[in-house]
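K.L.:
Input structure: run16.cif, which contains mmCIF, C-alpha atoms.
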```cif
data_coords
#
loop_
_atom_site.label_atom_id
_atom_site.label_comp_id
_atom_site.auth_asym_id
_atom_site.auth_seq_id
_atom_site.Cartn_x
_atom_site.Cartn_y
_atom_site.Cartn_z
CA MET V 1 53.84 19.33 -20.25
CA PHE V 2 50.13 19.62 -19.53
CA LEU V 3 48.36 18.07 -16.55
CA SER V 4 44.65 17.96 -15.92
CA THR V 5 42.26 16.09 -13.68
CA ARG V 6 39.02 14.37 -14.61
CA THR V 7 35.86 14.52 -12.65
CA GLY V 8 34.06 11.79 -14.60
CA GLU V 9 34.47 8.05 -14.39
CA GLN V 10 35.54 7.58 -18.00
CA PRO V 11 38.64 5.39 -18.47
CA VAL V 12 41.71 6.95 -20.07
CA PRO V 13 42.64 5.22 -23.35
CA THR V 14 45.89 3.23 -23.02
CA ALA V 15 47.30 4.69 -26.24
CA ALA V 16 47.05 8.22 -24.77
CA VAL V 17 49.06 7.25 -21.69
CA VAL V 18 51.78 5.51 -23.71
CA ALA V 19 52.03 8.36 -26.21
CA SER V 20 52.27 11.03 -23.52
CA THR V 21 55.01 9.26 -21.59
CA THR V 22 57.19 8.33 -24.54
CA THR V 23 57.09 11.56 -26.57
CA ARG V 24 60.30 13.59 -26.18
CA SER V 25 61.62 16.71 -27.72
CA VAL V 26 64.91 15.91 -29.40
CA THR V 27 67.38 18.63 -30.26
CA PRO V 28 69.10 17.81 -33.51
CA THR V 29 72.89 17.68 -33.46
CA VAL V 30 75.05 19.04 -36.18
CA PRO V 31 78.34 17.24 -36.73
CA MET V 32 81.34 19.56 -36.77
CA ASP V 33 84.39 18.15 -38.48
CA LEU V 34 87.61 19.88 -37.51
CA PRO V 35 90.11 20.67 -40.24
CA VAL V 36 93.02 18.22 -40.23
CA ASP V 37 95.51 20.94 -39.26
CA VAL V 38 93.57 21.95 -36.10
CA THR V 39 94.39 20.27 -32.80
CA PRO V 40 91.88 20.86 -29.99
CA ILE V 41 93.38 22.24 -26.79
CA VAL V 42 92.08 20.82 -23.52
CA ALA V 43 93.26 22.92 -20.60
CA ARG V 44 94.19 21.17 -17.38
CA PRO V 45 92.53 22.95 -14.46
CA PHE V 46 94.76 24.65 -11.93
CA VAL V 47 94.91 23.30 -8.37
CA PHE V 48 95.98 25.89 -5.82
CA ASP V 49 95.77 24.01 -2.52
CA THR V 50 98.33 21.21 -2.94
CA ALA V 51 102.09 21.28 -3.34
CA ALA V 52 101.88 19.43 -6.66
CA GLY V 53 99.17 21.80 -7.91
CA LEU V 54 101.12 24.90 -6.88
CA ASP V 55 104.28 23.53 -8.53
CA ASP V 56 102.30 22.84 -11.71
CA PHE V 57 100.84 26.37 -11.64
CA ARG V 58 104.28 27.95 -11.32
CA GLU V 59 105.87 25.65 -13.92
CA ARG V 60 103.17 26.40 -16.49
CA TYR V 61 103.52 30.13 -15.80
CA VAL V 62 107.31 30.01 -16.25
CA GLN V 63 106.94 27.88 -19.38
CA ARG V 64 104.53 30.44 -20.85
CA PHE V 65 106.35 33.64 -19.80
CA GLY V 66 109.96 32.47 -19.44
CA SER V 67 110.65 33.86 -15.97
CA SER V 68 109.71 33.30 -12.33
CA GLN V 69 110.48 36.96 -11.50
CA VAL V 70 107.15 38.51 -10.44
CA LEU V 71 105.79 41.43 -8.45
CA GLU V 72 102.80 39.68 -6.85
CA VAL V 73 100.88 36.41 -6.94
CA PHE V 74 97.24 36.63 -5.87
CA ILE V 75 95.17 33.43 -5.69
CA GLN V 76 91.41 33.48 -5.20
CA MET V 77 90.72 30.00 -3.82
CA ASP V 78 86.93 30.16 -3.86
CA GLY V 79 86.94 31.24 -7.51
CA ASN V 80 89.79 28.90 -8.50
CA ARG V 81 91.60 31.70 -10.31
CA ALA V 82 94.68 33.80 -9.84
CA ASP V 83 96.40 36.99 -10.91
CA VAL V 84 100.14 37.20 -11.40
CA TYR V 85 101.62 40.66 -11.67
CA ARG V 86 104.90 41.00 -13.54
CA PRO V 87 107.03 43.88 -14.79
CA THR V 88 106.91 44.91 -18.44
CA ALA V 89 109.99 45.87 -20.45
CA GLU V 90 109.01 49.52 -19.79
CA GLY V 91 108.92 48.94 -16.02
CA ARG V 92 105.15 49.00 -15.72
CA ARG V 93 103.01 46.50 -13.78
CA GLU V 94 101.23 43.97 -15.99
CA ARG V 95 98.45 41.65 -14.84
CA VAL V 96 98.24 38.05 -16.05
CA PHE V 97 94.78 36.64 -15.38
CA VAL V 98 94.84 32.89 -14.67
CA SER V 99 91.71 30.78 -15.05
CA GLY V 100 92.22 27.59 -17.00
CA GLY V 101 94.92 29.39 -18.98
CA PHE V 102 96.87 32.64 -19.01
CA GLU V 103 95.49 35.91 -20.34
CA VAL V 104 97.55 39.09 -20.28
CA TYR V 105 95.39 42.06 -19.37
CA HIS V 106 95.34 44.75 -22.07
CA GLU V 107 96.25 47.65 -19.73
CA THR V 108 99.26 48.11 -17.47
CA ASP V 109 99.68 50.15 -14.29
CA ALA V 110 102.41 52.40 -13.01
CA PRO V 111 104.82 50.48 -10.78
CA ASP V 112 103.99 50.28 -7.09
CA ALA V 113 106.59 52.34 -5.20
CA GLN V 114 106.61 49.82 -2.35
CA GLY V 115 106.47 46.65 -4.45
CA ALA V 116 109.64 44.78 -5.32
CA LEU V 117 110.45 42.03 -7.77
CA PHE V 118 110.96 38.56 -6.27
CA ASP V 119 111.76 35.11 -7.56
CA TRP V 120 108.61 33.01 -7.25
CA ALA V 121 110.73 29.84 -7.54
CA THR V 122 112.24 30.52 -4.09
CA ILE V 123 108.92 29.69 -2.42
CA ASP V 124 108.57 26.03 -1.50
CA SER V 125 105.15 24.87 -2.70
CA ALA V 126 104.93 22.27 0.08
CA VAL V 127 105.41 25.03 2.67
CA LEU V 128 102.79 27.21 0.95
CA ALA V 129 100.29 24.30 0.76
CA GLY V 130 100.90 23.62 4.46
CA LEU V 131 100.19 27.25 5.32
CA VAL V 132 96.99 27.15 3.26
CA ALA V 133 95.85 23.95 4.99
CA GLY V 134 96.71 25.26 8.47
CA THR V 135 95.21 28.75 8.22
CA PRO V 136 91.64 27.92 9.38
CA GLU V 137 92.98 26.31 12.55
CA ALA V 138 95.51 29.12 13.09
CA VAL V 139 92.80 31.80 12.99
CA GLY V 140 90.66 29.80 15.43
CA VAL V 141 87.91 28.85 12.96
CA PRO V 142 88.57 25.21 11.97
CA GLY V 143 85.59 25.10 9.60
CA ALA V 144 86.69 28.20 7.68
CA ALA V 145 87.65 28.06 4.02
CA VAL V 146 90.69 29.79 2.62
CA GLU V 147 89.54 32.62 0.35
CA TYR V 148 92.72 34.40 -0.73
CA VAL V 149 96.47 33.89 -0.87
CA MET V 150 98.70 36.86 -1.66
CA ILE V 151 102.46 36.63 -2.13
CA THR V 152 104.36 39.93 -2.24
CA ASP V 153 107.66 41.62 -1.50
CA SER V 154 107.12 45.10 -0.11
CA ARG V 155 110.41 46.95 0.41
CA GLY V 156 112.25 43.74 1.16
CA GLU V 157 109.55 42.43 3.49
CA GLN V 158 108.52 39.19 1.83
CA ARG V 159 105.03 38.11 2.81
CA ILE V 160 102.58 35.32 2.23
CA SER V 161 99.13 36.48 3.42
CA ILE V 162 96.33 33.93 3.67
CA THR V 163 92.74 34.89 4.51
CA ALA V 164 90.12 32.36 5.65
CA LYS V 165 86.46 32.83 6.60
CA ASN V 166 83.44 30.66 7.31
CA ASP V 167 79.81 31.21 6.25
CA ASP V 168 79.22 33.39 9.35
CA ASP V 169 82.06 35.71 8.24
CA GLN V 170 84.29 34.54 11.10
CA GLY V 171 87.93 34.07 10.32
CA GLY V 172 91.13 35.96 9.97
CA ARG V 173 94.50 36.19 8.28
CA VAL V 174 97.85 34.47 8.66
CA GLU V 175 101.00 36.23 7.51
CA ALA V 176 104.22 34.34 6.99
CA ASP V 177 107.60 34.95 5.41
CA PHE V 178 108.70 33.08 2.28
CA ALA V 179 110.24 30.32 4.42
CA GLY V 180 106.85 29.64 6.00
CA ASN V 181 107.55 31.19 9.41
CA ILE V 182 104.33 32.70 10.72
CA VAL V 183 104.84 36.39 11.46
CA SER V 184 101.33 37.34 12.57
CA VAL V 185 97.81 36.00 13.00
CA SER V 186 94.83 38.34 13.00
CA ARG V 187 91.31 37.30 13.91
#
```
Show me, as structure tokens, the structure contained in the file I just sent.

P.N.:
Amino acid sequence: MFLSTRTGEQPVPTAAVVASTTTRSVTPTVPMDLPVDVTPIVARPFVFDTAAGLDDFRERYVQRFGSSQVLEVFIQMDGNRADVYRPTAEGRRERVFVSGGFEVYHETDAPDAQGALFDWATIDSAVLAGLVAGTPEAVGVPGAAVEYVMITDSRGEQRISITAKNDDDQGGRVEADFAGNIVSVSR
């Protein structure tokens, strides 16, 4: 677009005004016909802050991988993504990256000596969603946003850790057991 000013009193021709306001650059589209044997996949987004969304997340994971036995579930709320760590057949720690779908990371890690396998299905999603919703108030920063949720079993100590912060970096962490009983609050 080009803009200029005139210093003279000459009238601007009407055709010039109409032409300049109606001319558009149009990007041509190319039709793409899909082969008849191809079905497009439209991924449902994951919702990590409601009981129904957490149930859906777990159900889709179990449907894809066949087991709710995991080593760790880590949810990044502000990025709307998660990591699920599960054991491999060789006993190594495998990361499943979750963002619109499931992607198994190409490398595995040695098992964590303190980490233990737990059944993700034993965690009530309504309890977890309630902990997520209540964390900002529990840490004394009602306007804070939940950033992370981590679910682990370390030497038989089952923990749900939820971290919340506001824009001024004020916040803290709530730790609860798998039944939803708050064990500690740090600010």

K.L.:
Near Asp55 of chain V, within 9 Å and counting only C-alpha atoms, which residues show up once chain neighbours fewer than 6 positions away are dropped, as number ranges by chain?

P.N.:
V: 124-126

K.L.:
Using only C-alpha atoms, which residue out of V:Thr135, V:Val141, V:Val36, V:Arg159 lies closest to Arg173 of chain V?

P.N.:
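Closest candidate: V:Thr135.
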
K.L.:
Which is closer to Tyr61 of chain V than all the others in V:Phe178, V:Phe118, V:Tyr85, V:Tyr148, using all atoms listed in the file?

P.N.:
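Closest candidate: V:Tyr85.
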
K.L.:
Excluding Val84 of chain V and residues on its chain fewer than 2 positions from it, collect all residues at most 7 Å away from it, counting all atoms listed in the file, and give them as a PyMOL selection string.

P.N.:
chain V and resi 72-74+82+86+95-97

K.L.:
Evaluate the PyMOL selection byres ((chain V and resi 175) around 7) against this structure - the residues, as a list in words, please.

P.N.:
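Taken over the shown coordinates, the PyMOL selection byres ((chain V and resi 175) around 7) returns Arg159, Ile160, Ser161, Ile162, Arg173, Val174, Ala176, Ile182, Val183, Ser184 and Val185 of chain V.
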
K.L.:
Dump C-alpha atoms for the selected residues as a short mmCIF file (atom, residue, chain, number, x, y, z; two decimals), keeping the file's coordinate frame?

P.N.:
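After the write, out-v6.cif holds the following:
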```cif
data_model
loop_
_atom_site.label_atom_id
_atom_site.label_comp_id
_atom_site.auth_asym_id
_atom_site.auth_seq_id
_atom_site.Cartn_x
_atom_site.Cartn_y
_atom_site.Cartn_z
CA ARG V 159 105.03 38.11 2.81
CA ILE V 160 102.58 35.32 2.23
CA SER V 161 99.13 36.48 3.42
CA ILE V 162 96.33 33.93 3.67
CA ARG V 173 94.50 36.19 8.28
CA VAL V 174 97.85 34.47 8.66
CA ALA V 176 104.22 34.34 6.99
CA ILE V 182 104.33 32.70 10.72
CA VAL V 183 104.84 36.39 11.46
CA SER V 184 101.33 37.34 12.57
CA VAL V 185 97.81 36.00 13.00
#
```

K.L.:
Just checking: using all atoms listed in the file, which residue out of V:Ala43, V:Gly115, V:Thr88, V:Asp83 ends up closest to Glu103 of chain V?

P.N.:
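Looking only at the distances to Glu103 of chain V, the closest residue turns out to be V:Asp83.
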
K.L.:
Name the residues that the PyMOL selection byres ((chain V and resi 70) around 10) pulls out of this structure, and write them as a PyMOL selection string.

P.N.:
chain V and resi 67-69+71-73+84-87+93-94+116-121+151-153

K.L.:
Between atom CA of Ile75 of chain V and atom CA of Val149 of chain V, what is the spacing in Å?

P.N.:
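We find that atom CA of Val149 of chain V and atom CA of Ile75 of chain V lie 5.0 Å from each other.
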
K.L.:
Which residue gives the smallest distance to Ala164 of chain V among V:Ser99, V:Arg92, V:Pro111, V:Met77, with only C-alpha atoms counted?

P.N.:
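Nearest candidate to Ala164 of chain V out of V:Ser99, V:Arg92, V:Pro111, V:Met77: V:Met77.
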
K.L.:
Let me know the residues the PyMOL selection byres ((chain V and resi 133) around 12) catches in the file above, as a count of residues only.

P.N.:
29

K.L.:
Let me make sure I understand: among V:Ser186, V:Thr39, V:Asn80, V:Asn166, which one has the smallest atom-to-atom distance to Gly53 of chain V if we use only C-alpha atoms?

P.N.:
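Checking each candidate against Gly53 of chain V, we get V:Asn80 as the closest.
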
K.L.:
Quick one: of V:Val98, V:Ala179, V:Arg155, V:Arg187, who's nearest to Ala113 of chain V, counting all atoms listed in the file?

P.N.:
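Counting all atoms listed in the file, the residue closest to Ala113 of chain V is V:Arg155.
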
K.L.:
Once N, CA, C and O atoms are restored for segment 72-91 of chain V, what would the output be as a short mmCIF file (atom, residue, chain, number, x, y, z; two decimals), in the frame of the given file?

P.N.:
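Output below, filename result.cif:
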```cif
data_model
loop_
_atom_site.label_atom_id
_atom_site.label_comp_id
_atom_site.auth_asym_id
_atom_site.auth_seq_id
_atom_site.Cartn_x
_atom_site.Cartn_y
_atom_site.Cartn_z
N GLU V 72 103.84 40.14 -7.78
CA GLU V 72 102.80 39.68 -6.85
C GLU V 72 102.11 38.46 -7.44
O GLU V 72 101.93 38.37 -8.66
N VAL V 73 101.73 37.54 -6.56
CA VAL V 73 100.88 36.41 -6.94
C VAL V 73 99.67 36.48 -6.03
O VAL V 73 99.80 36.52 -4.80
N PHE V 74 98.49 36.54 -6.63
CA PHE V 74 97.24 36.63 -5.87
C PHE V 74 96.35 35.47 -6.31
O PHE V 74 95.99 35.37 -7.49
N ILE V 75 96.00 34.59 -5.38
CA ILE V 75 95.17 33.43 -5.69
C ILE V 75 93.84 33.58 -4.99
O ILE V 75 93.77 33.81 -3.78
N GLN V 76 92.76 33.44 -5.75
CA GLN V 76 91.41 33.48 -5.20
C GLN V 76 90.93 32.03 -5.15
O GLN V 76 90.52 31.46 -6.15
N MET V 77 91.02 31.43 -3.97
CA MET V 77 90.72 30.00 -3.82
C MET V 77 89.27 29.67 -4.12
O MET V 77 89.00 28.67 -4.78
N ASP V 78 88.33 30.49 -3.65
CA ASP V 78 86.93 30.16 -3.86
C ASP V 78 86.50 30.36 -5.31
O ASP V 78 85.49 29.82 -5.73
N GLY V 79 87.26 31.07 -6.09
CA GLY V 79 86.94 31.24 -7.51
C GLY V 79 87.86 30.42 -8.40
O GLY V 79 87.73 30.42 -9.62
N ASN V 80 88.80 29.71 -7.79
CA ASN V 80 89.79 28.90 -8.50
C ASN V 80 90.42 29.68 -9.65
O ASN V 80 90.45 29.23 -10.79
N ARG V 81 90.92 30.86 -9.32
CA ARG V 81 91.60 31.70 -10.31
C ARG V 81 92.71 32.46 -9.62
O ARG V 81 92.81 32.46 -8.40
N ALA V 82 93.55 33.07 -10.41
CA ALA V 82 94.68 33.80 -9.84
C ALA V 82 95.03 34.98 -10.73
O ALA V 82 94.61 35.07 -11.89
N ASP V 83 95.80 35.88 -10.18
CA ASP V 83 96.40 36.99 -10.91
C ASP V 83 97.88 36.97 -10.57
O ASP V 83 98.26 36.86 -9.40
N VAL V 84 98.71 37.07 -11.60
CA VAL V 84 100.14 37.20 -11.40
C VAL V 84 100.52 38.54 -12.00
O VAL V 84 100.18 38.85 -13.14
N TYR V 85 101.19 39.36 -11.20
CA TYR V 85 101.62 40.66 -11.67
C TYR V 85 103.12 40.58 -11.95
O TYR V 85 103.89 40.09 -11.13
N ARG V 86 103.50 41.07 -13.12
CA ARG V 86 104.90 41.00 -13.54
C ARG V 86 105.29 42.34 -14.15
O ARG V 86 104.43 43.10 -14.61
N PRO V 87 106.59 42.61 -14.20
CA PRO V 87 107.03 43.88 -14.79
C PRO V 87 107.07 43.77 -16.32
O PRO V 87 107.37 42.71 -16.87
N THR V 88 106.77 44.86 -16.98
CA THR V 88 106.91 44.91 -18.44
C THR V 88 108.32 45.41 -18.76
O THR V 88 109.04 45.86 -17.88
N ALA V 89 108.68 45.37 -20.02
CA ALA V 89 109.99 45.87 -20.45
C ALA V 89 110.13 47.37 -20.13
O ALA V 89 111.23 47.87 -19.92
N GLU V 90 109.00 48.08 -20.09
CA GLU V 90 109.01 49.52 -19.79
C GLU V 90 108.97 49.80 -18.29
O GLU V 90 108.87 50.95 -17.88
N GLY V 91 108.95 48.75 -17.47
CA GLY V 91 108.92 48.94 -16.02
C GLY V 91 107.54 49.12 -15.44
O GLY V 91 107.40 49.48 -14.28
#
```
